[in-house]
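Data first, discussion second: the structure below is written as structure tokens.
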Amino acid sequence: MIAESQGFAGYLRRDLLLAYRRRGEVASPLIFFVLVSTLIPLGISPDSARLAELAPGIIWVMALLATLLSTETLFASDYQDGSLEQLLISPQLLALPVLGKILAHWLVTGLPLTLVSPLIGLMLSLPAAGLLPMMASLALGTACLSLIGAVGAALTVSLRKGGLLLSVLVIPLYMPVIIFGSAAVQSAIDGLNWLGPLAVLAAMLSAAVALCPLAIAGALRLVSNN
Amino acid sequence: MSPQFDSLKQLWDMAGHGPYVWTVVLVSLAVLGWLLIRPVQQHRDNLQSIARQSQRQQLQQAASTSSAEPSEEDK
Amino acid sequence: MAAGRNWNWFHRMGSPRWFYETTGRWLPWLWVLTLGLMLTGLIWGLAYAPQDAKQGNSFRIIYLHVPASFLALAGYYLMAIAGAIGLIWKMKLSYMVMKSAAPIGAALTFIALFTGAVWGKPTWGTYWVWDARITSMLILLFLYLGVLALQYAFHSQETGNKASAILALVGTVNIPIIYKSVDWWYTLHQPATIKFTSAPSMHMDMFQPLLVMIIAMYSFYGLALILYTRVEILRRERKSSWVRELALRTQPAQVDQ
């Protein structure tokens, strides 16, 4: 009944509603992001010059881990309650509802991370010139991470201990994103052109939007057949 | 083309670079050798276990066909 | 499900057995070729090639490092192509090749990294640098490990095959992007003190043994891939009559069991 006439928008609305009902669970990547970032000065030094130097990389690594943390649950509840089967049976193109789910995932993880990141930036004494590029690169980059992570989540959805495996599969694929993401912030701080790396991130995002749903659809078909 | 080293000792030393070069050679050859030995062993083990299994089945079949007739006559 | 299995059985009919029997005839030659080339190349490279003017004798590591790196990368593509063929044409044999390629590729990537690290010590004074090529190689190792881990994560062989084929394909799309981005990242951060771009000028006397070693490594790769695939064929076809007959014919000493 739920699965009827649900394309992109239907699944987007449905997943956002589900996320709203599980607010506490959905907020945990964000809390993780903030908490772990406060560990960094404690672990390194309170010296603002040193922190400023490390801030772009640290913020990006933390954002990546926080996204990874939430990726595991992307298809898990649908797999358990059987709605994934319904989605696969429906005759429509699988890529659109999958994209809807991923957009919902980004709206509840990547976007909040992006919005909170200036706060972390201030705590780690990131130079002011880096704040806007950081938000822009995080907005584009976390969307890439959600898409790539979804491939891993789809491949491991039927496994009981898929979480660790998921990180092994997905982290190597994340590397280009973190390179260009932190490079955008770093170039802005150094007074260089930061639109270049950002444009590369945008290009990666469009490639991922085009290609990842194909792999995800294949993986979901395969895993749920089993 | 002529040998670059006058003695085996010199070949082993390689003018101070011997430890690096020979570590690389030994470790690489060990890994490469392992890559070849492992499948050869597994191949043999598999063939043996398949042979054992099918022999056992043949024996069981032979036993059941030869014992089937008298046992039915007894009852 | 049942229909799918019937279909696969159809494909399986000819090929694995054909592969097993054909490669069985090649194997002795391939063994001789591999061992002969490897021995020739190693002795030539280690004892007869002239030493490098700048790096001295440590440059001889190149004779293992470069061939291993070549095959590590080529092996990933071979694995992904085999996986793609399996996904598209549902060919059992090509999944077996894919599964066999993963451990070989991972081991060769390890050799490439290890030899590179040991080479770095006498040449640049350090075992590990975050050089573009070294970093890409490390990521390649992670990609191989992911495929291997996924292969064994599923109970069903079939699912494991298809899942790792999809992952290998995703990785293939990513490899050029990873390489380019790591390259770009490295030029951004390149430390001024270490200069890698000055490749040792290759004298003909140095290059010839390298060529022999590269061919030897290709031959080795083919041999290892065939050996692993044959094991896989035996394992999966153990119920079929030709494998049983083969086992009984080649293992006659088991009668007392």
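In the structure tokens, chains take letters A, B, ... by order of appearance, with residues numbered from 1 within each chain and ligands from 1 in the order shown.
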With 7 Å as the cut-off and only C-alpha atoms counted, what is the closest atom pair between each nearby residue of chain C and chain A? Distances in Å to one decimal, ordered by chain and number, as JSON lines.
{"residue": "C:Ile139", "atom": "CA", "partner": "A:Pro172", "partner_atom": "CA", "distance": 5.9}
{"residue": "C:Phe142", "atom": "CA", "partner": "A:Pro172", "partner_atom": "CA", "distance": 6.3}
{"residue": "C:Leu143", "atom": "CA", "partner": "A:Pro172", "partner_atom": "CA", "distance": 6.4}
{"residue": "C:Gly146", "atom": "CA", "partner": "A:Leu169", "partner_atom": "CA", "distance": 4.8}
{"residue": "C:Thr159", "atom": "CA", "partner": "A:Leu222", "partner_atom": "CA", "distance": 6.8}
{"residue": "C:Ala163", "atom": "CA", "partner": "A:Leu155", "partner_atom": "CA", "distance": 6.2}
{"residue": "C:Ile166", "atom": "CA", "partner": "A:Ala215", "partner_atom": "CA", "distance": 6.7}
{"residue": "C:Asn174", "atom": "CA", "partner": "A:Leu173", "partner_atom": "CA", "distance": 6.8}
{"residue": "C:Ile177", "atom": "CA", "partner": "A:Pro176", "partner_atom": "CA", "distance": 6.9}
{"residue": "C:Ile178", "atom": "CA", "partner": "A:Pro176", "partner_atom": "CA", "distance": 5.5}
{"residue": "C:Ser181", "atom": "CA", "partner": "A:Pro176", "partner_atom": "CA", "distance": 5.7}
{"residue": "C:Trp185", "atom": "CA", "partner": "A:Ile179", "partner_atom": "CA", "distance": 6.5}
TODO: Skip Ile59 of chain A itself and residues of its chain fewer than 3 positions away, then list as a list in words all residues within 8 Å of it, counting only C-alpha atoms.
DONE: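 Selected residues are Ser37, Ala55, Pro56, Met62, Ala63, Ser117, Ile120 and Gly121 of chain A.
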Open item on the list: I'd like the neighbourhood of Gln42 of chain B as number ranges by chain, where a residue qualifies if any of its atoms comes within 10 Å (using only C-alpha atoms), though same-chain residues fewer than 6 positions away should be ignored.
Closed with: B: 48; C: 227-228, 230-232, 234-235
Could you pull out the residues in segment 34-130 of chain C that DSSP calls alpha helix (DSSP H) from the backbone, as a compact mmCIF listing (two decimals) with C-alpha atoms, in the first residue's frame?
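Result file result_31.txt:
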# COMPACT_ATOMS: atom_id res chain seq x y z
CA THR C 34 57.76 -18.97 -16.02
CA LEU C 35 60.57 -20.48 -13.99
CA GLY C 36 63.05 -20.16 -16.86
CA LEU C 37 62.28 -16.51 -17.56
CA MET C 38 62.16 -15.63 -13.88
CA LEU C 39 65.52 -17.24 -13.20
CA THR C 40 67.12 -15.69 -16.28
CA GLY C 41 65.77 -12.25 -15.53
CA LEU C 42 66.74 -12.33 -11.86
CA ILE C 43 70.30 -13.55 -12.42
CA ILE C 62 63.45 -2.38 -9.98
CA TYR C 63 63.58 -5.86 -11.51
CA LEU C 64 60.93 -7.03 -9.06
CA HIS C 65 59.20 -3.75 -8.28
CA VAL C 66 58.19 -2.64 -11.76
CA PRO C 67 56.87 -5.99 -13.04
CA ALA C 68 54.87 -6.54 -9.85
CA SER C 69 53.37 -3.06 -10.06
CA PHE C 70 52.40 -3.62 -13.71
CA LEU C 71 50.62 -6.85 -12.99
CA ALA C 72 49.00 -5.55 -9.81
CA LEU C 73 47.21 -2.87 -11.79
CA ALA C 74 46.53 -4.95 -14.89
CA GLY C 75 45.22 -7.69 -12.62
CA TYR C 76 42.56 -5.40 -11.20
CA TYR C 77 41.25 -4.64 -14.66
CA LEU C 78 41.32 -8.30 -15.58
CA MET C 79 39.38 -9.11 -12.42
CA ALA C 80 36.79 -6.42 -13.13
CA ILE C 81 36.40 -7.49 -16.77
CA ALA C 82 35.95 -11.11 -15.71
CA GLY C 83 33.34 -9.96 -13.20
CA ALA C 84 31.54 -7.93 -15.86
CA ILE C 85 31.47 -10.90 -18.24
CA GLY C 86 30.05 -12.97 -15.41
CA LEU C 87 27.34 -10.42 -14.68
CA ILE C 88 26.36 -9.88 -18.31
CA TRP C 89 26.55 -13.39 -19.75
CA LYS C 92 30.34 -19.43 -14.25
CA LEU C 93 33.88 -19.78 -15.52
CA SER C 94 34.45 -16.06 -15.58
CA TYR C 95 33.38 -15.73 -11.93
CA MET C 96 35.93 -18.40 -11.11
CA VAL C 97 38.60 -16.40 -12.93
CA MET C 98 37.51 -13.27 -11.08
CA LYS C 99 37.67 -15.01 -7.72
CA SER C 100 41.13 -16.37 -8.53
CA ALA C 101 42.45 -13.00 -9.64
CA ALA C 102 41.74 -11.31 -6.30
CA PRO C 103 44.34 -13.00 -4.05
CA ILE C 104 46.99 -12.94 -6.80
CA GLY C 105 46.43 -9.25 -7.39
CA ALA C 106 46.49 -8.46 -3.69
CA ALA C 107 49.76 -10.37 -3.24
CA LEU C 108 51.37 -8.59 -6.20
CA THR C 109 50.23 -5.23 -4.87
CA PHE C 110 51.80 -6.13 -1.56
CA ILE C 111 55.07 -7.02 -3.34
CA ALA C 112 54.99 -3.72 -5.21
CA LEU C 113 54.50 -1.79 -1.96
CA PHE C 114 57.07 -3.77 -0.05
CA THR C 115 59.76 -3.53 -2.70
CA GLY C 116 59.03 0.16 -3.11
CA ALA C 117 59.37 0.77 0.61
CA VAL C 118 62.68 -1.09 0.91
CA TRP C 119 63.96 0.65 -2.20
CA GLY C 120 63.08 3.98 -0.62
CA LYS C 121 65.34 3.50 2.37
CA PRO C 122 68.76 3.58 0.66
CA THR C 123 67.56 5.90 -2.12
CA TRP C 124 65.60 8.60 -0.30
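With only C-alpha atoms as the atoms that count, the residue of B:Pro19, B:Ala51, B:Arg44, B:Ala63 with the shortest distance to chain C is B:Ala51.
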- [ ] Using only C-alpha atoms, find the residues of chain B whose closest atom to chain C is at most 10 Å away, then write them as an MDAnalysis selection string.
- [x] chainID B and resid 1:6 8 11:25 27:29 31:56
Could those residues be written to a file, using C-alpha atoms, as a CSV table (one decimal), in the first residue's frame?
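Result file follows (part-v1.csv):
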chain,number,residue,atom,x,y,z
B,1,MET,CA,77.7,-8.4,-20.8
B,2,SER,CA,79.9,-9.3,-17.9
B,3,PRO,CA,79.4,-10.1,-14.2
B,4,GLN,CA,79.3,-7.0,-12.1
B,5,PHE,CA,80.7,-8.8,-9.0
B,6,ASP,CA,84.0,-10.6,-8.6
B,8,LEU,CA,79.8,-14.3,-4.2
B,11,LEU,CA,77.3,-10.2,-4.8
B,12,TRP,CA,75.9,-10.6,-1.3
B,13,ASP,CA,77.2,-7.3,-0.1
B,14,MET,CA,76.4,-5.2,-3.2
B,15,ALA,CA,78.6,-2.5,-1.9
B,16,GLY,CA,76.4,-2.0,1.1
B,17,HIS,CA,73.0,-2.3,-0.6
B,18,GLY,CA,72.9,-6.1,-0.2
B,19,PRO,CA,70.6,-6.2,2.8
B,20,TYR,CA,67.9,-4.1,0.9
B,21,VAL,CA,68.2,-5.9,-2.4
B,22,TRP,CA,68.3,-9.4,-0.9
B,23,THR,CA,65.5,-8.8,1.5
B,24,VAL,CA,63.3,-7.7,-1.4
B,25,VAL,CA,64.3,-10.7,-3.5
B,27,VAL,CA,60.4,-11.8,0.4
B,28,SER,CA,59.1,-11.4,-3.2
B,29,LEU,CA,60.1,-14.9,-4.1
B,31,VAL,CA,55.2,-14.5,-1.8
B,32,LEU,CA,55.4,-15.6,-5.5
B,33,GLY,CA,56.2,-19.1,-4.5
B,34,TRP,CA,53.4,-19.2,-2.0
B,35,LEU,CA,51.1,-18.1,-4.8
B,36,LEU,CA,52.0,-21.1,-6.8
B,37,ILE,CA,52.4,-23.7,-4.1
B,38,ARG,CA,49.0,-23.0,-2.5
B,39,PRO,CA,46.8,-23.8,-5.5
B,40,VAL,CA,48.9,-26.9,-6.3
B,41,GLN,CA,48.4,-28.2,-2.8
B,42,GLN,CA,44.7,-27.4,-2.9
B,43,HIS,CA,44.3,-29.0,-6.2
B,44,ARG,CA,45.8,-32.2,-4.9
B,45,ASP,CA,43.8,-32.2,-1.7
B,46,ASN,CA,40.6,-31.6,-3.6
B,47,LEU,CA,41.3,-34.4,-6.0
B,48,GLN,CA,42.1,-36.7,-3.1
B,49,SER,CA,38.9,-35.9,-1.2
B,50,ILE,CA,36.8,-36.2,-4.3
B,51,ALA,CA,38.3,-39.6,-5.1
B,52,ARG,CA,37.8,-40.8,-1.5
B,53,GLN,CA,34.2,-39.7,-1.5
B,54,SER,CA,33.3,-41.3,-4.8
B,55,GLN,CA,35.1,-44.5,-3.8
B,56,ARG,CA,33.1,-44.6,-0.7
